[in-house]
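Listing of upload.txt; format and content: compact mmCIF, C-alpha atoms.
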# COMPACT_ATOMS: atom_id res chain seq x y z
CA MET O 453 -0.12 -79.17 85.84
CA ALA O 454 -3.20 -80.42 84.00
CA ILE O 455 -5.50 -83.32 84.83
CA THR O 456 -7.46 -85.13 82.14
CA VAL O 457 -10.57 -86.88 83.46
CA VAL O 458 -12.71 -89.32 81.48
CA GLY O 459 -16.20 -90.14 82.71
CA SER O 460 -19.88 -89.32 82.57
CA VAL O 461 -21.32 -85.87 81.95
CA ALA O 462 -24.98 -86.39 82.69
CA PHE O 463 -28.30 -85.16 83.99
CA ASP O 464 -29.77 -86.30 87.32
CA SER O 465 -33.14 -86.13 88.99
CA VAL O 466 -32.79 -86.64 92.73
CA GLU O 467 -34.99 -86.65 95.81
CA THR O 468 -33.65 -86.35 99.36
CA PRO O 469 -35.26 -85.44 102.69
CA SER O 470 -34.34 -81.82 101.86
CA GLY O 471 -36.33 -81.74 98.60
CA ARG O 472 -35.94 -82.73 94.97
CA TYR O 473 -34.69 -81.49 91.60
CA ASP O 474 -35.21 -82.59 88.01
CA ARG O 475 -32.66 -82.96 85.22
CA ARG O 476 -29.76 -80.99 86.66
CA LEU O 477 -26.18 -81.19 85.38
CA ALA O 478 -24.33 -84.07 87.05
CA GLY O 479 -22.09 -87.05 86.28
CA ALA O 480 -18.80 -88.31 87.71
CA ALA O 481 -16.61 -86.25 85.37
CA THR O 482 -18.66 -83.13 86.11
CA TYR O 483 -18.32 -83.30 89.89
CA PHE O 484 -14.66 -84.33 89.64
CA SER O 485 -13.69 -81.54 87.25
CA LEU O 486 -15.47 -78.79 89.18
CA ALA O 487 -13.86 -79.85 92.46
CA ALA O 488 -10.39 -80.26 90.93
CA SER O 489 -10.61 -76.91 89.11
CA TYR O 490 -10.02 -75.05 92.37
CA PHE O 491 -6.50 -76.47 92.44
CA THR O 492 -5.29 -76.96 88.86
CA ASP O 493 -6.21 -77.06 85.15
CA VAL O 494 -8.74 -79.73 84.21
CA ARG O 495 -9.63 -81.28 80.85
CA VAL O 496 -12.71 -83.47 80.35
CA ILE O 497 -13.35 -86.42 78.02
CA GLY O 498 -17.00 -87.47 77.78
CA VAL O 499 -20.09 -87.47 75.60
CA VAL O 500 -23.34 -85.51 75.77
CA GLY O 501 -26.53 -85.35 73.76
CA GLU O 502 -28.53 -82.56 72.20
CA ASP O 503 -30.04 -81.69 75.60
CA PHE O 504 -26.63 -80.42 76.76
CA THR O 505 -26.84 -76.71 76.02
CA ALA O 506 -24.68 -73.60 76.31
CA ARG O 507 -26.06 -73.16 79.83
CA GLU O 508 -24.52 -76.47 81.01
CA GLU O 509 -21.28 -75.83 79.16
CA ALA O 510 -21.01 -72.45 80.84
CA VAL O 511 -20.78 -74.21 84.21
CA PHE O 512 -17.52 -75.82 83.10
CA HIS O 513 -16.16 -72.69 81.42
CA ALA O 514 -16.86 -70.56 84.50
CA ARG O 515 -14.38 -72.76 86.36
CA GLY O 516 -11.87 -72.76 83.49
CA VAL O 517 -12.46 -76.44 82.66
CA ASP O 518 -11.43 -77.44 79.12
CA THR O 519 -14.36 -79.12 77.34
CA GLN O 520 -12.74 -79.85 73.96
CA GLY O 521 -12.91 -83.55 74.82
CA ILE O 522 -16.68 -83.57 75.36
CA GLU O 523 -18.21 -85.09 72.23
CA ARG O 524 -21.65 -83.92 71.05
CA ALA O 525 -23.83 -86.77 69.74
CA ALA O 526 -27.35 -87.06 68.37
CA GLY O 527 -29.79 -88.12 71.10
CA LYS O 528 -30.06 -87.51 74.83
CA SER O 529 -27.35 -87.36 77.48
CA PHE O 530 -26.89 -90.03 80.16
CA PHE O 531 -29.70 -89.72 82.73
CA TRP O 532 -30.05 -91.06 86.27
CA GLN O 533 -32.95 -90.73 88.67
CA GLY O 534 -32.59 -91.75 92.29
CA SER O 535 -33.48 -90.99 95.89
CA TYR O 536 -31.95 -91.00 99.37
CA LEU O 537 -35.16 -91.00 101.39
CA GLU O 538 -34.36 -94.15 103.39
CA ASN O 539 -30.61 -93.75 103.83
CA LEU O 540 -28.44 -90.74 102.95
CA ASN O 541 -25.45 -93.05 102.56
CA GLU O 542 -27.07 -95.22 99.90
CA ALA O 543 -28.87 -94.15 96.76
CA LYS O 544 -31.94 -95.96 95.53
CA THR O 545 -31.93 -96.02 91.73
CA HIS O 546 -35.26 -95.52 89.96
CA VAL O 547 -34.20 -94.84 86.37
CA THR O 548 -30.95 -95.25 84.44
CA GLU O 549 -30.86 -94.23 80.78
CA LEU O 550 -27.46 -94.57 79.09
CA ASN O 551 -28.63 -92.81 75.91
CA VAL O 552 -25.57 -91.50 73.97
CA PHE O 553 -23.28 -92.95 76.64
CA ALA O 554 -24.20 -96.46 75.44
CA THR O 555 -22.05 -96.04 72.31
CA PHE O 556 -19.38 -93.77 73.82
CA GLU O 557 -15.92 -94.17 72.27
CA PRO O 558 -13.49 -91.86 74.09
CA LYS O 559 -11.47 -89.57 71.83
CA ILE O 560 -8.37 -87.87 73.24
CA PRO O 561 -7.74 -84.40 71.78
CA GLU O 562 -4.13 -83.74 70.81
CA SER O 563 -4.09 -80.78 73.21
CA TYR O 564 -4.81 -83.17 76.11
CA LYS O 565 -1.89 -85.49 75.47
CA ASP O 566 0.61 -83.42 77.45
CA SER O 567 -1.48 -83.85 80.63
CA GLU O 568 0.65 -85.03 83.52
CA PHE O 569 -2.27 -86.50 85.46
CA LEU O 570 -5.10 -88.80 84.39
CA PHE O 571 -8.21 -89.78 86.31
CA LEU O 572 -10.41 -92.64 85.12
CA ALA O 573 -13.83 -91.98 86.61
CA ASN O 574 -16.41 -94.70 87.11
CA ILE O 575 -17.14 -96.04 83.61
CA ASP O 576 -16.70 -99.31 81.68
CA PRO O 577 -13.14 -100.56 82.33
CA VAL O 578 -12.74 -101.22 78.60
CA LEU O 579 -13.10 -97.47 78.04
CA GLN O 580 -10.85 -96.68 80.99
CA LYS O 581 -8.13 -98.91 79.54
CA ARG O 582 -8.49 -97.33 76.11
CA VAL O 583 -7.81 -93.86 77.51
CA LEU O 584 -5.03 -95.16 79.75
CA ASP O 585 -3.27 -96.75 76.77
CA GLY O 586 -3.73 -93.55 74.78
CA MET O 587 -1.93 -91.40 77.36
CA PRO O 588 1.21 -93.36 78.29
CA GLN O 589 3.19 -90.24 79.21
CA VAL O 590 1.12 -89.26 82.29
CA LYS O 591 3.07 -89.43 85.52
CA LEU O 592 0.19 -90.31 87.86
CA VAL O 593 -3.02 -92.24 87.15
CA GLY O 594 -6.00 -92.43 89.48
CA GLY O 595 -9.20 -94.38 89.04
CA ASP O 596 -12.60 -95.31 90.40
CA THR O 597 -14.99 -98.21 89.84
CA MET O 598 -18.19 -99.71 91.26
CA ASN O 599 -19.89 -102.98 92.18
CA TYR O 600 -21.28 -103.61 88.69
CA TRP O 601 -17.84 -103.59 87.05
CA ILE O 602 -16.34 -105.63 89.90
CA ASN O 603 -19.02 -108.33 89.66
CA ASP O 604 -19.65 -108.55 85.93
CA HIS O 605 -16.53 -107.17 84.22
CA ARG O 606 -13.77 -108.26 86.56
CA GLU O 607 -11.34 -109.47 83.89
CA ASN O 608 -11.35 -106.12 82.12
CA LEU O 609 -11.22 -104.24 85.41
CA LEU O 610 -8.11 -106.13 86.51
CA LYS O 611 -6.31 -104.88 83.39
CA VAL O 612 -7.06 -101.31 84.46
CA LEU O 613 -6.04 -101.84 88.08
CA ALA O 614 -2.64 -103.07 86.96
CA GLY O 615 -1.96 -99.62 85.48
CA LEU O 616 -3.22 -97.46 88.35
CA ASP O 617 -1.15 -95.50 90.84
CA VAL O 618 -4.14 -94.67 93.07
CA LEU O 619 -7.52 -96.38 93.33
CA LEU O 620 -10.40 -94.59 95.09
CA ILE O 621 -13.35 -96.80 96.07
CA ASN O 622 -15.63 -97.27 99.09
CA ASP O 623 -15.67 -99.90 101.85
CA THR O 624 -18.16 -102.21 100.15
CA GLU O 625 -16.33 -102.10 96.82
CA THR O 626 -13.00 -102.83 98.52
CA LYS O 627 -14.35 -105.93 100.24
CA LEU O 628 -16.11 -107.09 97.09
CA LEU O 629 -13.01 -106.65 94.95
CA ALA O 630 -10.84 -108.53 97.44
CA GLY O 631 -13.35 -111.17 98.51
CA HIS O 632 -12.64 -110.40 102.20
CA ARG O 633 -14.89 -108.96 104.90
CA ASN O 634 -11.94 -107.77 106.99
CA PRO O 635 -11.23 -104.22 105.76
CA VAL O 636 -7.47 -104.30 106.36
CA LYS O 637 -6.93 -107.65 104.64
CA ALA O 638 -9.20 -106.55 101.82
CA ALA O 639 -7.23 -103.35 101.32
CA HIS O 640 -3.90 -105.16 101.09
CA ASP O 641 -5.35 -107.70 98.67
CA VAL O 642 -6.56 -104.87 96.44
CA LEU O 643 -3.09 -103.33 96.50
CA GLY O 644 -1.80 -106.68 95.30
CA LEU O 645 -3.85 -106.18 92.12
CA GLY O 646 -1.66 -103.29 91.01
CA PRO O 647 -2.40 -99.89 92.59
CA LYS O 648 0.44 -98.32 94.58
CA ALA O 649 -2.07 -96.69 96.91
CA LEU O 650 -5.69 -97.31 97.83
CA VAL O 651 -8.01 -94.67 99.26
CA VAL O 652 -11.08 -96.24 100.85
CA LYS O 653 -13.97 -93.79 101.20
CA HIS O 654 -16.18 -94.22 104.28
CA GLY O 655 -18.81 -91.58 103.44
CA GLU O 656 -19.72 -89.61 106.55
CA PHE O 657 -16.87 -91.35 108.43
CA GLY O 658 -13.97 -90.08 106.32
CA ALA O 659 -11.40 -92.06 104.35
CA THR O 660 -8.44 -94.38 104.91
CA ALA O 661 -5.33 -94.66 102.73
CA TYR O 662 -3.31 -97.85 102.37
CA PHE O 663 0.06 -98.03 100.62
CA SER O 664 2.04 -100.70 98.80
CA ARG O 665 5.75 -101.15 99.31
CA ASP O 666 6.30 -99.31 96.01
CA ALA O 667 4.52 -96.14 97.10
CA PHE O 668 6.77 -93.07 97.26
CA GLY O 669 9.86 -95.25 97.64
CA ASP O 670 9.07 -95.63 101.34
CA ALA O 671 8.41 -99.25 102.29
CA ALA O 672 7.50 -98.24 105.86
CA LEU O 673 4.28 -96.66 104.60
CA ALA O 674 2.94 -100.11 103.78
CA THR O 675 2.58 -100.82 107.51
CA HIS O 676 0.98 -97.48 108.41
CA PRO O 677 -2.47 -96.73 106.97
CA PHE O 678 -3.57 -93.11 107.21
CA ARG O 679 -7.07 -92.11 108.32
CA ALA O 680 -8.76 -88.76 107.68
CA PRO O 681 -12.12 -87.83 109.19
CA ALA O 682 -15.19 -86.35 107.60
CA LEU O 683 -16.45 -83.01 108.85
CA PRO O 684 -19.59 -83.36 110.98
CA LEU O 685 -22.34 -81.50 109.13
CA ALA O 686 -25.64 -80.35 110.60
CA GLU O 687 -27.43 -81.06 107.32
CA VAL O 688 -26.66 -83.05 104.19
CA VAL O 689 -28.81 -81.74 101.35
CA ASP O 690 -27.65 -83.94 98.47
CA PRO O 691 -24.94 -86.65 98.77
CA THR O 692 -24.97 -87.53 95.05
CA GLY O 693 -21.64 -85.98 94.07
CA ALA O 694 -19.75 -86.44 97.32
CA GLY O 695 -17.44 -89.26 96.21
CA ASP O 696 -16.55 -87.70 92.86
CA SER O 697 -15.99 -84.32 94.51
CA PHE O 698 -13.72 -86.02 97.04
CA ALA O 699 -11.75 -87.52 94.15
CA GLY O 700 -11.52 -84.14 92.43
CA GLY O 701 -10.25 -82.36 95.52
CA PHE O 702 -7.82 -85.17 96.30
CA PHE O 703 -6.36 -85.48 92.81
CA GLY O 704 -6.53 -81.74 92.12
CA TYR O 705 -4.45 -80.94 95.17
CA ILE O 706 -1.84 -83.54 94.25
CA ALA O 707 -1.60 -82.06 90.74
CA SER O 708 -1.06 -78.60 92.23
CA GLN O 709 2.06 -79.66 94.11
CA PRO O 710 5.58 -79.82 92.64
CA GLN O 711 6.24 -83.29 94.04
CA LEU O 712 4.16 -86.17 95.40
CA THR O 713 5.36 -87.03 98.90
CA PRO O 714 3.67 -88.88 101.77
CA ALA O 715 2.84 -85.50 103.36
CA VAL O 716 1.26 -84.22 100.13
CA PHE O 717 -0.75 -87.42 99.76
CA LYS O 718 -2.11 -87.08 103.30
CA ARG O 719 -3.02 -83.42 102.84
CA ALA O 720 -4.73 -84.37 99.56
CA ILE O 721 -7.06 -86.72 101.43
CA PHE O 722 -8.05 -83.82 103.68
CA TYR O 723 -8.69 -81.60 100.65
CA GLY O 724 -10.77 -84.41 99.16
CA SER O 725 -12.88 -84.47 102.31
CA VAL O 726 -13.18 -80.68 102.18
CA MET O 727 -14.56 -80.73 98.63
CA GLY O 728 -16.91 -83.62 99.40
CA SER O 729 -18.26 -81.73 102.41
CA PHE O 730 -19.02 -78.68 100.28
CA ALA O 731 -20.66 -80.71 97.52
CA VAL O 732 -23.35 -82.14 99.82
CA GLU O 733 -24.43 -78.74 101.16
CA ARG O 734 -26.52 -77.86 98.10
CA PHE O 735 -28.39 -79.71 95.38
CA ALA O 736 -26.42 -81.00 92.39
CA THR O 737 -23.34 -78.90 91.53
CA ALA O 738 -24.63 -75.62 92.99
CA ARG O 739 -22.14 -75.38 95.86
CA LEU O 740 -19.16 -76.37 93.74
CA GLU O 741 -20.00 -73.62 91.26
CA GLU O 742 -19.81 -70.79 93.78
CA LEU O 743 -16.96 -71.68 96.14
CA THR O 744 -13.92 -69.51 96.81
CA ARG O 745 -10.41 -70.70 97.58
CA ASP O 746 -10.60 -68.83 100.90
CA GLU O 747 -13.61 -70.95 101.90
CA ILE O 748 -11.71 -74.10 100.95
CA GLU O 749 -8.67 -73.13 103.02
CA GLU O 750 -10.84 -72.14 105.99
CA ARG O 751 -12.53 -75.54 105.98
CA PHE O 752 -9.18 -77.29 105.53
CA GLN O 753 -8.07 -75.63 108.77
CA LEU O 754 -11.23 -76.96 110.47
CA PHE O 755 -10.23 -80.46 109.41
CA ARG O 756 -6.73 -79.95 110.80
CA GLU O 757 -8.12 -78.75 114.12
CA LEU O 758 -10.52 -81.69 114.23
CA THR O 759 -7.59 -84.12 114.18
CA HIS O 760 -5.07 -82.18 116.32
CA LEU O 761 -4.37 -83.34 119.86
CA ASP O 762 -2.58 -80.70 121.93
CA ASP O 763 -1.04 -81.95 125.15

Rewritten as structure tokens:
Amino acid sequence: MAITVVGSVAFDSVETPSGRYDRRLAGAATYFSLAASYFTDVRVIGVVGEDFTAREEAVFHARGVDTQGIERAAGKSFFWQGSYLENLNEAKTHVTELNVFATFEPKIPESYKDSEFLFLANIDPVLQKRVLDGMPQVKLVGGDTMNYWINDHRENLLKVLAGLDVLLINDTETKLLAGHRNPVKAAHDVLGLGPKALVVKHGEFGATAYFSRDAFGDAALATHPFRAPALPLAEVVDPTGAGDSFAGGFFGYIASQPQLTPAVFKRAIFYGSVMGSFAVERFATARLEELTRDEIEERFQLFRELTHLDD
């Protein structure tokens, strides 16, 4: 079953306590698609400039990711420069250059329109809604957003949230979107905006899922949030793509299963954490490019053991 993801395909320059790199392939759609590709077929909608070469495209093709939906435009690709020198959980932005992304108008290839899953990565909600409306046949829609869209584009964002099955955001974004400091109340208020399920990412502390009464046809889930841990790591080299890799692992696993059940949803959160933990071990997309499914399953078992209590 194929996932179509719309989002940024970009270049990043990043500095962390482990070192730095300049102008490496990055972007939300990039991390998502590489992580999800270990579970299912992935198709990307995005835009790149003339600095996106055959070398970058080969990274997608090596993982079998369909790039027909990546538009080539005159100019430079989206570029972000940031650092994590003060806090590995929070990026400090130094430079943001939208470049060709500033005039991005998503185009959905005909070959993508039979996708059964759609993920709206962190971009302008107007663009998210345009793709959502253009793919009405998908059976499950996931999405992401950030503080900027919540604060300054709330009206458009609310239109997107009304059409989501699953929203993946972090603690701060959840509280900001709901207007509550209490995380549980905030989560339930966000569910009231439309999503059937909310996955709140806690960075190095894992993730928590909350469910509406419409989720999976099981009203009891609404009273039982589900918490998954993060794997304790001795060293985090580059946290830049952790959240998008989490989303790719989470949504990719769901797409690989014949039916979405509460058990599948919970395992998907673990697989999301697995892919996020791999992403931070190397700079940029390096670790996601060289993984094996055996490594993924071995780490999944570590997560299971981490949460198992044997009397």

**OP:** Write out as a ChimeraX atom specification the residues lying within 6 Å of range 597-613 of chain O, counting only C-alpha atoms and excluding same-chain residues fewer than 2 positions away.
**Re:** /O:574,577,581,615-616,625,646

**OP:** Tell me which protein, DNA and RNA residues are within 10 Å of Gly644 in chain O, counting all atoms listed in the file, leaving out same-chain ones fewer than 6 positions away, and put them as a list in words.
**Re:** Leu613, Ala614, Ala630, Ala638 and Ser664 of chain O

Original post:
Using all atoms listed in the file, which residue out of O:Thr744, O:Thr519, O:Thr468, O:Asn539 lies closest to Val499 in chain O?
Top reply: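 Comparing O:Thr744, O:Thr519, O:Thr468, O:Asn539 against Val499 in chain O, the winner is O:Thr519.
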
Original post:
So which residues touch Pro558 in chain O within 10 Å, counting only C-alpha atoms, skipping near sequence neighbours fewer than 5 positions away, as a VMD selection string?
Top reply: chain O and resid 458 to 459 497 to 499 521 to 523 579 to 580 582 to 583 586

Subject >> Residue contacts of Thr624 in chain O (10 Å, all atoms listed in the file) excluding same-chain residues fewer than 4 positions away, as an MDAnalysis selection string >> reply: chainID O and resid 598:599 628:629 633 635 652:654

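Picture a line from CA of Pro681 in chain O to CA of Gly516 in chain O; it runs 29.8 Å.
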
**OP:** Just give me the gap between CA of Leu477 in chain O and CA of Val461 in chain O in Å, one decimal is fine.
**Re:** 7.6 Å

Original post:
If you count all atoms listed in the file, which residues fall within 9 Å of Pro714 in chain O, apart from same-chain ones fewer than 5 positions away, as a list in words?
Top reply: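 The neighbour list is Ala667, Phe668, Asp670, Leu673 and Arg719 of chain O.
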
Original post:
How far is it from CA of Tyr723 in chain O to CA of Gly701 in chain O, in Å with one decimal?
Top reply: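 Going from CA of Tyr723 in chain O over to CA of Gly701 in chain O covers 5.4 Å.
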
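When only C-alpha atoms are used to measure the gap to Ala487 in chain O, the shortest distance among O:Leu570, O:Ala462, O:Ala738, O:Ala526 belongs to O:Ala738.
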